[in-house]
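Trainee: Pasting start-v5.cif below, which is mmCIF, C-alpha atoms.
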data_structure
loop_
_atom_site.label_atom_id
_atom_site.label_comp_id
_atom_site.auth_asym_id
_atom_site.auth_seq_id
_atom_site.Cartn_x
_atom_site.Cartn_y
_atom_site.Cartn_z
CA MET A 229 131.41 -82.65 -42.69
CA GLU A 230 135.06 -81.65 -42.45
CA LYS A 231 136.41 -84.92 -43.88
CA ASN A 232 133.83 -84.88 -46.68
CA GLN A 233 134.71 -81.27 -47.41
CA TYR A 234 138.41 -82.00 -47.70
CA GLU A 235 137.82 -85.06 -49.88
CA LEU A 236 135.49 -83.12 -52.14
CA CYS A 237 138.01 -80.28 -52.42
CA ILE A 238 140.68 -82.79 -53.49
CA LYS A 239 138.27 -84.24 -56.08
CA VAL A 240 137.63 -80.76 -57.50
CA LEU A 241 141.37 -79.99 -57.64
CA LYS A 242 142.06 -83.36 -59.29
CA ARG A 243 139.47 -82.69 -61.97
CA PHE A 244 140.88 -79.22 -62.59
CA ASP A 245 144.33 -80.76 -62.87
CA LYS A 246 143.22 -83.43 -65.35
CA ALA A 247 141.36 -80.84 -67.41
CA GLY A 248 144.46 -78.64 -67.58
CA VAL A 249 142.91 -75.77 -65.62
CA LEU A 250 144.75 -76.08 -62.31
CA LYS A 251 148.04 -74.74 -63.62
CA ASP A 252 146.33 -71.47 -64.62
CA VAL A 253 144.44 -70.74 -61.40
CA ILE A 254 145.60 -69.91 -57.88
CA LEU A 255 143.82 -71.32 -54.88
CA ILE A 256 143.16 -68.47 -52.43
CA GLY A 257 141.00 -67.83 -49.38
CA SER A 258 140.76 -69.94 -46.26
CA TRP A 259 141.17 -73.16 -48.28
CA CYS A 260 144.77 -72.45 -49.18
CA ILE A 261 145.74 -72.55 -45.49
CA PRO A 262 145.56 -76.36 -45.13
CA PHE A 263 147.78 -76.63 -48.20
CA TYR A 264 150.46 -74.44 -46.58
CA LYS A 265 151.05 -77.39 -44.23
CA GLU A 266 154.06 -78.60 -46.16
CA TYR A 267 155.51 -75.08 -46.39
CA PHE A 268 155.29 -74.66 -42.63
CA ALA A 269 156.44 -78.20 -41.82
CA GLY A 270 157.82 -78.40 -38.29
CA ILE A 271 156.39 -75.03 -37.27
CA LYS A 272 153.44 -74.60 -34.96
CA TYR A 273 150.83 -74.41 -37.59
CA ILE A 274 148.22 -71.78 -38.08
CA SER A 275 144.60 -72.66 -37.59
CA THR A 276 141.68 -70.82 -39.02
CA ILE A 277 138.03 -71.47 -39.57
CA LYS A 278 137.49 -72.81 -43.05
CA THR A 279 134.25 -71.84 -44.72
CA ARG A 280 132.67 -73.72 -47.60
CA ASP A 281 133.97 -71.19 -50.12
CA VAL A 282 136.78 -72.45 -52.30
CA ASP A 283 138.07 -69.43 -54.21
CA PHE A 284 140.17 -69.66 -57.33
CA LEU A 285 142.04 -66.62 -58.51
CA ILE A 286 142.39 -66.10 -62.22
CA PRO A 287 145.11 -63.60 -63.14
CA ASN A 288 143.98 -60.69 -65.29
CA PRO A 289 144.73 -61.01 -68.21
CA HIS A 290 144.41 -64.73 -67.84
CA GLY A 291 146.42 -67.27 -69.79
CA ILE A 292 143.84 -70.02 -69.73
CA ARG A 293 144.28 -72.26 -72.72
CA ALA A 294 142.02 -75.12 -71.71
CA ASN A 295 138.51 -75.15 -73.11
CA VAL A 296 136.68 -76.75 -70.25
CA ASN A 297 133.12 -76.22 -69.16
CA ILE A 298 133.61 -76.20 -65.40
CA PRO A 299 129.91 -76.52 -64.40
CA GLU A 300 129.77 -79.67 -66.57
CA LEU A 301 133.08 -80.91 -65.18
CA LEU A 302 131.71 -80.79 -61.62
CA LYS A 303 128.08 -81.65 -62.36
CA ASP A 304 128.23 -85.34 -61.50
CA LEU A 305 129.77 -84.45 -58.13
CA GLY A 306 126.48 -82.70 -57.38
CA PHE A 307 127.57 -79.11 -58.00
CA ILE A 308 124.92 -76.79 -59.37
CA ILE A 309 125.13 -73.23 -60.67
CA GLY A 310 123.99 -70.51 -58.31
CA TYR A 311 123.61 -66.97 -59.59
CA ARG A 312 124.31 -64.24 -57.11
CA GLY A 313 123.62 -60.51 -57.16
CA ALA A 314 121.92 -58.43 -59.81
CA LYS A 315 124.83 -58.95 -62.21
CA GLY A 316 124.71 -62.74 -62.07
CA TYR A 317 127.97 -63.81 -60.48
CA ILE A 318 128.31 -67.55 -60.84
CA LYS A 319 129.02 -69.82 -57.90
CA LEU A 320 129.19 -73.58 -58.14
CA GLU A 321 127.36 -74.92 -55.14
CA HIS A 322 127.42 -78.15 -53.20
CA PRO A 323 126.32 -78.59 -49.56
CA ASP A 324 129.96 -79.16 -48.60
CA LEU A 325 131.73 -76.66 -50.87
CA VAL A 326 131.07 -73.56 -52.93
CA VAL A 327 133.48 -72.91 -55.80
CA GLU A 328 133.95 -69.34 -56.96
CA PHE A 329 136.29 -67.55 -59.33
CA LEU A 330 137.88 -64.19 -58.62
CA SER A 331 140.09 -61.90 -60.64
CA PRO A 332 142.11 -58.77 -59.87
CA GLU A 333 140.23 -55.57 -60.61
CA LYS A 334 141.83 -53.32 -63.23
CA GLY A 335 141.58 -49.55 -63.63
CA LYS A 336 138.45 -47.92 -62.29
CA GLY A 337 136.94 -51.30 -61.71
CA THR A 338 133.58 -52.72 -62.60
CA ASP A 339 130.62 -54.17 -60.78
CA ARG A 340 130.06 -56.65 -63.60
CA PRO A 341 131.49 -60.16 -63.49
CA ILE A 342 134.36 -60.92 -65.85
CA PRO A 343 133.14 -63.50 -68.36
CA LEU A 344 135.30 -66.59 -68.78
CA PRO A 345 133.60 -68.25 -71.76
CA LYS A 346 136.28 -70.93 -72.12
CA LEU A 347 135.45 -72.14 -68.62
CA GLY A 348 131.69 -71.57 -68.75
CA VAL A 349 131.80 -69.38 -65.64
CA ASN A 350 132.53 -65.79 -64.69
CA ALA A 351 134.78 -64.17 -62.12
CA VAL A 352 134.22 -61.49 -59.52
CA ALA A 353 136.67 -58.62 -59.94
CA LEU A 354 138.11 -57.42 -56.64
CA ARG A 355 140.74 -54.88 -55.67
CA PHE A 356 144.11 -55.85 -54.19
CA LEU A 357 144.01 -59.37 -55.64
CA SER A 358 147.02 -58.63 -57.86
CA LEU A 359 149.06 -58.91 -54.66
CA LEU A 360 148.23 -62.62 -54.63
CA THR A 361 149.30 -63.24 -58.22
CA ASP A 362 152.71 -61.57 -57.83
CA ASN A 363 154.40 -64.29 -55.83
CA VAL A 364 153.14 -67.83 -56.11
CA ILE A 365 154.30 -71.12 -54.60
CA LYS A 366 153.49 -74.70 -55.60
CA ALA A 367 152.15 -77.17 -53.06
CA LYS A 368 152.24 -80.88 -53.71
CA VAL A 369 148.87 -82.48 -53.09
CA GLU A 370 148.66 -86.22 -53.73
CA ASP A 371 149.90 -86.61 -57.32
CA PHE A 372 149.43 -83.04 -58.51
CA GLU A 373 150.52 -79.52 -57.66
CA VAL A 374 148.35 -76.61 -56.70
CA LEU A 375 149.34 -72.95 -56.99
CA LEU A 376 149.00 -70.87 -53.84
CA PRO A 377 149.92 -67.27 -53.09
CA HIS A 378 153.13 -67.05 -51.09
CA PRO A 379 152.09 -66.97 -47.40
CA ALA A 380 153.63 -63.48 -47.03
CA ASN A 381 151.50 -62.14 -49.87
CA PHE A 382 148.48 -63.98 -48.51
CA ALA A 383 148.92 -62.47 -45.04
CA LEU A 384 149.63 -58.91 -46.19
CA HIS A 385 146.61 -59.06 -48.51
CA LYS A 386 144.43 -60.20 -45.60
CA LEU A 387 145.74 -57.29 -43.52
CA ILE A 388 144.50 -54.88 -46.19
CA ILE A 389 141.12 -56.44 -46.84
CA PHE A 390 140.06 -57.07 -43.26
CA GLN A 391 139.70 -53.31 -42.91
CA ARG A 392 137.25 -53.25 -45.82
CA ARG A 393 135.00 -56.00 -44.48
CA LEU A 394 131.48 -54.94 -43.62
CA LYS A 395 131.03 -57.78 -41.18
CA GLU A 396 133.13 -57.35 -38.07
CA ASP A 397 133.45 -61.05 -37.35
CA LYS A 398 134.83 -61.75 -40.83
CA ALA A 399 137.27 -58.88 -40.37
CA ILE A 400 138.53 -60.38 -37.10
CA LYS A 401 138.86 -63.79 -38.76
CA ASP A 402 140.95 -62.33 -41.60
CA ARG A 403 143.10 -60.27 -39.25
CA ASN A 404 143.80 -63.22 -36.98
CA ALA A 405 144.70 -65.46 -39.92
CA ALA A 406 147.07 -62.79 -41.29
CA VAL A 407 148.85 -62.32 -37.98
CA GLU A 408 149.17 -66.07 -37.41
CA ILE A 409 150.73 -66.56 -40.84
CA LEU A 410 153.15 -63.67 -40.43
CA LYS A 411 154.23 -65.09 -37.05
CA ALA A 412 154.72 -68.53 -38.57
CA LEU A 413 156.85 -66.96 -41.33
CA ILE A 414 158.95 -65.09 -38.77
CA THR A 415 159.44 -68.33 -36.81
CA LYS A 416 160.50 -69.98 -40.06
CA GLY A 417 163.15 -67.28 -40.49
CA GLU A 418 161.37 -65.58 -43.37
CA ALA A 419 161.08 -62.06 -41.97
CA VAL A 420 163.18 -60.96 -44.96
CA THR A 421 160.56 -62.32 -47.37
CA ILE A 422 157.82 -60.41 -45.57
CA LYS A 423 159.94 -57.24 -45.84
CA HIS A 424 160.59 -57.93 -49.50
CA VAL A 425 156.90 -58.34 -50.32
CA PHE A 426 156.03 -55.27 -48.24
CA ASN A 427 158.67 -53.23 -50.11
CA SER A 428 157.23 -54.28 -53.46
CA MET A 429 153.78 -52.92 -52.54
CA LEU A 430 152.37 -49.52 -53.46
CA PRO A 431 152.92 -46.95 -50.65
CA LYS A 432 149.13 -46.62 -50.27
CA TRP A 433 148.83 -50.35 -49.71
CA GLN A 434 151.80 -50.32 -47.30
CA LYS A 435 149.99 -47.72 -45.20
CA LYS A 436 146.92 -49.93 -45.06
CA VAL A 437 149.04 -52.89 -43.90
CA ILE A 438 150.62 -50.81 -41.11
CA LYS A 439 147.19 -49.52 -40.09
CA GLY A 440 145.91 -53.09 -39.94
CA LEU A 441 148.82 -54.21 -37.78
CA GLN A 442 148.34 -51.24 -35.48
CA GLU A 443 144.74 -52.27 -35.05
CA ALA A 444 145.90 -55.82 -34.27
CA LYS A 445 148.48 -54.37 -31.83
CA GLU A 446 151.30 -56.31 -33.48
CA ARG A 447 154.22 -54.01 -32.74
CA GLU A 448 156.89 -56.62 -33.41
CA ILE A 449 155.69 -57.13 -36.98
CA ILE A 450 155.34 -53.38 -37.51
CA LEU A 451 158.97 -52.96 -36.49
CA ILE A 452 160.05 -55.60 -39.00
CA LEU A 453 158.13 -53.87 -41.79
CA GLN A 454 159.17 -50.36 -40.86
CA ASN A 455 162.76 -51.45 -41.15
CA ALA A 456 161.82 -52.73 -44.56
CA GLY A 457 163.51 -49.99 -46.49
CA LYS A 458 166.67 -50.16 -44.41
CA MET B 861 129.34 -60.94 -32.39
CA GLY B 862 131.71 -63.90 -32.04
CA VAL B 863 133.74 -64.96 -35.06
CA ILE B 864 132.20 -68.44 -35.12
CA LYS B 865 128.69 -67.09 -34.79
CA GLY B 866 129.29 -64.76 -37.72
CA VAL B 867 130.62 -67.61 -39.85
CA LEU B 868 127.63 -69.79 -38.94
CA LYS B 869 125.23 -66.99 -39.81
CA GLU B 870 126.80 -66.61 -43.22
CA GLU B 871 126.74 -70.36 -43.75
CA LEU B 872 123.03 -70.35 -42.88
CA GLU B 873 122.33 -67.64 -45.47
CA ASN B 874 124.32 -69.64 -48.04
CA SER B 875 122.45 -72.85 -47.20
CA ILE B 876 119.06 -71.15 -47.57
CA ARG B 877 120.04 -69.87 -51.03
CA MET B 878 121.49 -73.26 -51.91
CA LYS B 879 118.21 -74.95 -50.93
CA SER B 880 116.26 -72.90 -53.44
CA ASP B 881 118.96 -73.50 -56.08
CA TYR B 882 118.67 -77.29 -55.65
CA GLU B 883 114.87 -77.03 -55.77
CA ARG B 884 115.18 -75.05 -59.01
CA GLU B 885 117.50 -77.69 -60.52
CA LEU B 886 115.12 -80.49 -59.48
CA ALA B 887 112.20 -78.67 -61.09
CA LYS B 888 114.17 -78.34 -64.33
CA LEU B 889 114.67 -82.10 -64.69
CA PRO B 890 112.15 -83.94 -66.91
CA LYS B 891 109.46 -85.50 -64.76
CA GLY B 892 108.97 -89.23 -64.42
CA SER B 893 110.97 -92.19 -65.61
CA LEU B 894 110.74 -94.33 -68.70
CA ILE B 895 109.52 -97.88 -68.31
CA LYS B 896 110.07 -100.45 -71.02
CA LYS B 897 107.33 -102.95 -71.77
CA LYS B 898 107.52 -105.84 -74.15
CA VAL B 899 104.30 -106.57 -76.05
CA LYS B 900 104.26 -109.40 -78.60
CA GLY B 901 108.02 -109.18 -78.99
CA HIS B 902 108.00 -105.42 -79.53
CA GLU B 903 109.41 -102.93 -77.04
CA TYR B 904 107.31 -99.93 -76.05
CA TYR B 905 108.00 -97.22 -73.54
CA TYR B 906 105.75 -95.67 -70.94
CA LEU B 907 106.44 -92.62 -68.87
CA LEU B 908 105.83 -93.38 -65.24
CA LEU B 909 104.65 -90.30 -63.36
CA ARG B 910 103.32 -89.54 -59.94
CA GLU B 911 100.60 -86.88 -60.01
CA LYS B 912 98.75 -85.79 -56.88
CA GLY B 913 99.78 -88.99 -55.17
CA LYS B 914 98.57 -91.18 -58.03
CA VAL B 915 100.79 -93.20 -60.31
CA ARG B 916 100.17 -92.65 -64.03
CA PHE B 917 101.55 -94.45 -67.06
CA ILE B 918 101.69 -92.35 -70.20
CA TYR B 919 102.21 -94.24 -73.42
CA LYS B 920 105.30 -93.01 -75.29
CA GLY B 921 105.65 -95.80 -77.83
CA LYS B 922 109.08 -96.11 -79.41
CA VAL B 923 111.55 -93.56 -78.17
CA SER B 924 114.99 -92.55 -79.39
CA ASP B 925 118.18 -93.60 -77.62
CA GLU B 926 118.75 -89.93 -76.90
CA GLU B 927 115.48 -89.66 -75.00
CA ILE B 928 116.20 -92.85 -73.08
CA LYS B 929 119.55 -91.38 -72.08
CA LYS B 930 117.92 -88.09 -71.10
CA TYR B 931 115.47 -89.80 -68.72
CA LYS B 932 118.16 -92.11 -67.35
CA GLU B 933 120.39 -89.12 -66.54
CA ALA B 934 117.46 -87.20 -65.09
CA LYS B 935 116.71 -90.14 -62.79
CA GLU B 936 120.31 -90.21 -61.57
CA TYR B 937 120.48 -86.45 -61.03
CA ARG B 938 117.09 -86.41 -59.33
CA ALA B 939 118.32 -88.97 -56.79
CA LYS B 940 121.60 -87.08 -56.34
CA TYR B 941 119.98 -83.65 -55.97
CA ARG B 942 117.33 -84.98 -53.57
CA LYS B 943 120.05 -86.43 -51.37
CA LEU B 944 122.00 -83.16 -51.45
CA LEU B 945 118.84 -81.12 -50.85
CA SER B 946 118.12 -83.20 -47.78
CA GLN B 947 121.71 -82.56 -46.65
CA VAL B 948 121.19 -78.79 -47.10
CA LYS B 949 117.92 -78.95 -45.15
CA LYS B 950 119.72 -80.74 -42.32
CA GLN B 951 122.41 -78.05 -42.37
CA ILE B 952 119.76 -75.33 -42.16
CA ARG B 953 118.10 -77.03 -39.17
CA PHE B 954 121.47 -77.50 -37.46
CA LEU B 955 122.64 -73.94 -38.09
CA ARG B 956 119.32 -72.44 -36.99
CA SER B 957 119.28 -74.41 -33.76
CA THR B 958 122.95 -73.60 -33.06
CA LEU B 959 122.40 -69.90 -33.65
CA ARG B 960 119.23 -69.90 -31.55
CA GLY B 961 120.80 -71.76 -28.68
CA LYS B 962 123.92 -69.65 -28.26
CA GLU B 963 123.98 -65.93 -27.82
CA SER B 964 127.71 -65.61 -28.12
CA ILE B 965 129.89 -68.41 -29.47
#
Can the structure in the file be given as C-alpha cells, please?

Mentor:
Amino acid sequence: MEKNQYELCIKVLKRFDKAGVLKDVILIGSWCIPFYKEYFAGIKYISTIKTRDVDFLIPNPHGIRANVNIPELLKDLGFIIGYRGAKGYIKLEHPDLVVEFLSPEKGKGTDRPIPLPKLGVNAVALRFLSLLTDNVIKAKVEDFEVLLPHPANFALHKLIIFQRRLKEDKAIKDRNAAVEILKALITKGEAVTIKHVFNSMLPKWQKKVIKGLQEAKEREIILILQNAGK
Amino acid sequence: MGVIKGVLKEELENSIRMKSDYERELAKLPKGSLIKKKVKGHEYYYLLLREKGKVRFIYKGKVSDEEIKKYKEAKEYRAKYRKLLSQVKKQIRFLRSTLRGKESI
C-alpha cells in the first residue's frame, strides 16, 4: 500500500500543480515529512508513521486565484467526497489517501467549515496553524515544487498540538515526530533557526512548547530555547 | 495503547466510513448500461439491467449523445468504485484481524 500511497500522493500534487493550486497551498501533517528528505540530506532522517490523511493548509485570508473544482479534478483517480461532522466538513477519500483542507482559525474561532467555493471544497479552521504559514520552504518533487512549513515551525507546532490531542497515541506520535525533527535540525546546525522561530511566537505559545518538551523530557532542547532571548 | 494500534484503530474507523461513502456513490450512478442494436439499418438503444438476478432489456429507442456519454461514464465509474470498494473491504478485514490479534502493538 505504501508505494501506491506515495504514487497517488504525487499524482494529486501534480494535478494541483497543473491546475495552479499547488503554489497557494502548504502541505502539512505527516505527509510533509517524506518531502523534508532533501532538506535533511545527509542527516539521519526522521521516521514517523504516515497516515492516509494528506492535509493542505490554506492561509487565511487565502490568495487562491485558480478556479478549480478539486473534487472533479481528482474524480477519475477514484476520489469521492465524504462529509464529516454535523457541519459537513469535506474530505476527498480514496482507499489509499484522504485529502483534506485546513485553515488557521481567526478571532474567537468557529465550528463551521470555511467555504472555498473556487475550489469546490471547504476547510477546517484550527488554532495554531498560522505558525505553519509564517515560514515556508519549497521542496522539489519530480518536476514541480511543493510548499512545506519550515521543519522548525512544523516541530514547534506539533509540540503545541500534541498536548491538545484527545487520543493519547496520536499525542505520542506527534510529540515523537516533533522531537525527532528538532534533533535533526540541531544536528544540521540549525539551532539558531529553532530559537528564531521560538522567539517569534506568542509568549502563551512559547509556554506550551516548553511544557511539551518538559513532558518529553528533552532538556537539551529546552536549554536551547530558554537561551532564545539571549 | 500503543501508537501503532491507535493509528490502526483510526484507520479502521476511516475505512468503515469510506465503505459507506463508496456505496453511496455507487447507488447514485445510473443503473444499467446502454446496448446498441441495429435493426434494418437503424440504430436503437436498450438499457441492460440486472434485477433480482434476472437480466432485463428496456427499450430506449434513439438516445442523445449526452445520455450515451452519461451511461458510458457511469459504467467506468461503477467499475472503478467497485474495485476501490473491494479494496476498502479488504482493508477493513485486515485492520480488524490485526487489531483483534494483538493486544498491544

Trainee: Taking only C-alpha atoms into account, which of A:Gly306, A:Pro262, A:Pro287, A:Gly257 comes nearest chain B?

Mentor: A:Gly306

Trainee: Within 10 Å of chain A, which residues of chain B come that close, and what is the closest atom pair and distance in Å for each? Count all atoms listed in the file and give it as a Markdown table.

Mentor:
| residue | atom | partner | partner_atom | distance |
| --- | --- | --- | --- | --- |
| B:Met861 | CA | A:Asp397 | CA | 6.4 |
| B:Gly862 | CA | A:Asp397 | CA | 6.3 |
| B:Val863 | CA | A:Asp397 | CA | 4.5 |
| B:Ile864 | CA | A:Asp397 | CA | 7.8 |
| B:Lys865 | CA | A:Asp397 | CA | 8.1 |
| B:Gly866 | CA | A:Asp397 | CA | 5.6 |
| B:Val867 | CA | A:Lys398 | CA | 7.3 |
| B:Leu868 | CA | A:Thr279 | CA | 9.0 |
| B:Glu870 | CA | A:Thr279 | CA | 9.2 |
| B:Glu871 | CA | A:Thr279 | CA | 7.7 |
| B:Asn874 | CA | A:Val326 | CA | 9.2 |
| B:Ser875 | CA | A:Pro323 | CA | 7.3 |
| B:Arg877 | CA | A:Gly310 | CA | 8.3 |
| B:Met878 | CA | A:Glu321 | CA | 6.9 |
| B:Lys879 | CA | A:Pro323 | CA | 9.0 |
| B:Ser880 | CA | A:Gly310 | CA | 9.4 |
| B:Asp881 | CA | A:Gly310 | CA | 6.3 |
| B:Tyr882 | CA | A:Ile308 | CA | 7.3 |
| B:Arg884 | CA | A:Ile308 | CA | 9.9 |
| B:Glu885 | CA | A:Ile308 | CA | 7.6 |
| B:Glu936 | CA | A:Asp304 | CA | 9.3 |
| B:Tyr937 | CA | A:Asp304 | CA | 7.8 |
| B:Lys940 | CA | A:Gly306 | CA | 6.6 |
| B:Tyr941 | CA | A:Gly306 | CA | 6.7 |
| B:Lys943 | CA | A:Gly306 | CA | 9.6 |
| B:Leu944 | CA | A:Pro323 | CA | 6.6 |
| B:Leu945 | CA | A:Pro323 | CA | 8.0 |
| B:Ser946 | CA | A:Pro323 | CA | 9.6 |
| B:Gln947 | CA | A:Pro323 | CA | 6.7 |
| B:Val948 | CA | A:Pro323 | CA | 5.7 |
| B:Lys949 | CA | A:Pro323 | CA | 9.5 |
| B:Gln951 | CA | A:Pro323 | CA | 8.2 |

Trainee: Can you list, as a list in words, every protein, DNA or RNA residue that comes within 10 Å of His385 of chain A when you count all atoms listed in the file, leaving out same-chain residues fewer than 5 positions away?

Mentor: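 Once the adjacent positions are removed, what remains is Phe356, Leu357, Ser358, Leu359, Leu360, Pro377, Pro379, Ala380, Phe390, Asp402, Arg403, Ala406, Trp433, Lys436 and Val437 of chain A.
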
Trainee: What is the distance between atom CA of Leu250 of chain A and atom CA of Ala294 of chain A, in Å to one decimal?

Mentor: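 It comes out at 9.8 Å.
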
Trainee: Output the residue selection produced by the PyMOL selection byres ((chain A and resi 265) around 12) on the file above, formatted as a PyMOL selection string.

Mentor: chain A and resi 259-264+266-275+366-369+376+379+409+412

Trainee: With all atoms listed in the file as the counted atoms, please give the residues lying no more than 12 Å from Lys898 of chain B, apart from itself and same-chain residues fewer than 6 positions off, as a list in words.

Mentor: Tyr904, Tyr905, Tyr906, Gly921 and Lys922 of chain B

Trainee: So how many Å separate atom CA of Ile952 of chain B and atom CA of Lys869 of chain B, to one decimal?

Mentor: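 About the pair atom CA of Ile952 of chain B and atom CA of Lys869 of chain B: they are 10.2 Å apart.
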
Trainee: Assuming the chain letters and numbering stay as they are in my file, what does the PyMOL selection byres ((chain B and resi 909) around 8) actually select? List them as a list in words.

Mentor: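 The output of the PyMOL selection byres ((chain B and resi 909) around 8) on this file is Lys891, Gly892, Ser893, Leu907, Leu908, Arg910, Glu911, Val915, Arg916, Phe917 and Ile918 of chain B.
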
Trainee: Return as an NGL selection string the set of residues that the PyMOL selection byres ((chain A and resi 238) around 12) yields on the displayed structure.

Mentor: :A and (231-237 or 239-245 or 250 or 255 or 259-260 or 262-263 or 282 or 305 or 325 or 368-374)

Trainee: Tell me, in Å to one decimal, how far atom CA of Ile422 of chain A is from atom CA of Glu443 of chain A.

Mentor: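 That distance, rounded to one decimal, is 18.7 Å.
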
Trainee: Choose the residue, out of B:Val899, B:Leu955, B:Ile876, B:Leu894, that has the smallest atom-to-atom separation from Tyr931 of chain B; count only C-alpha atoms.

Mentor: B:Leu894

Trainee: Which residue out of A:Asn381, A:Lys386, A:Ile449, A:Lys435 has the minimum interatomic distance to Lys411 of chain A when only C-alpha atoms are used?

Mentor: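 Of A:Asn381, A:Lys386, A:Ile449, A:Lys435, the one nearest Lys411 of chain A, counting only C-alpha atoms, is A:Ile449.
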
Trainee: Just the residues within 12 Å of His424 of chain A, please, counting only C-alpha atoms, with nothing from its chain fewer than 5 positions along; format it as a PDB file with C-alpha atoms, in the frame of the given file.

Mentor:
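Resulting contents of around03.pdb:
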ATOM      1  CA  ASN A 363     154.400 -64.290 -55.830  1.00  0.00           C
ATOM      2  CA  HIS A 378     153.130 -67.050 -51.090  1.00  0.00           C
ATOM      3  CA  ALA A 380     153.630 -63.480 -47.030  1.00  0.00           C
ATOM      4  CA  ASN A 381     151.500 -62.140 -49.870  1.00  0.00           C
ATOM      5  CA  LEU A 384     149.630 -58.910 -46.190  1.00  0.00           C
ATOM      6  CA  GLU A 418     161.370 -65.580 -43.370  1.00  0.00           C
ATOM      7  CA  ALA A 419     161.080 -62.060 -41.970  1.00  0.00           C
ATOM      8  CA  MET A 429     153.780 -52.920 -52.540  1.00  0.00           C
ATOM      9  CA  GLN A 434     151.800 -50.320 -47.300  1.00  0.00           C
ATOM     10  CA  ILE A 452     160.050 -55.600 -39.000  1.00  0.00           C
ATOM     11  CA  LEU A 453     158.130 -53.870 -41.790  1.00  0.00           C
ATOM     12  CA  GLN A 454     159.170 -50.360 -40.860  1.00  0.00           C
ATOM     13  CA  ASN A 455     162.760 -51.450 -41.150  1.00  0.00           C
ATOM     14  CA  ALA A 456     161.820 -52.730 -44.560  1.00  0.00           C
ATOM     15  CA  GLY A 457     163.510 -49.990 -46.490  1.00  0.00           C
ATOM     16  CA  LYS A 458     166.670 -50.160 -44.410  1.00  0.00           C
TER      17      LYS A 458
END
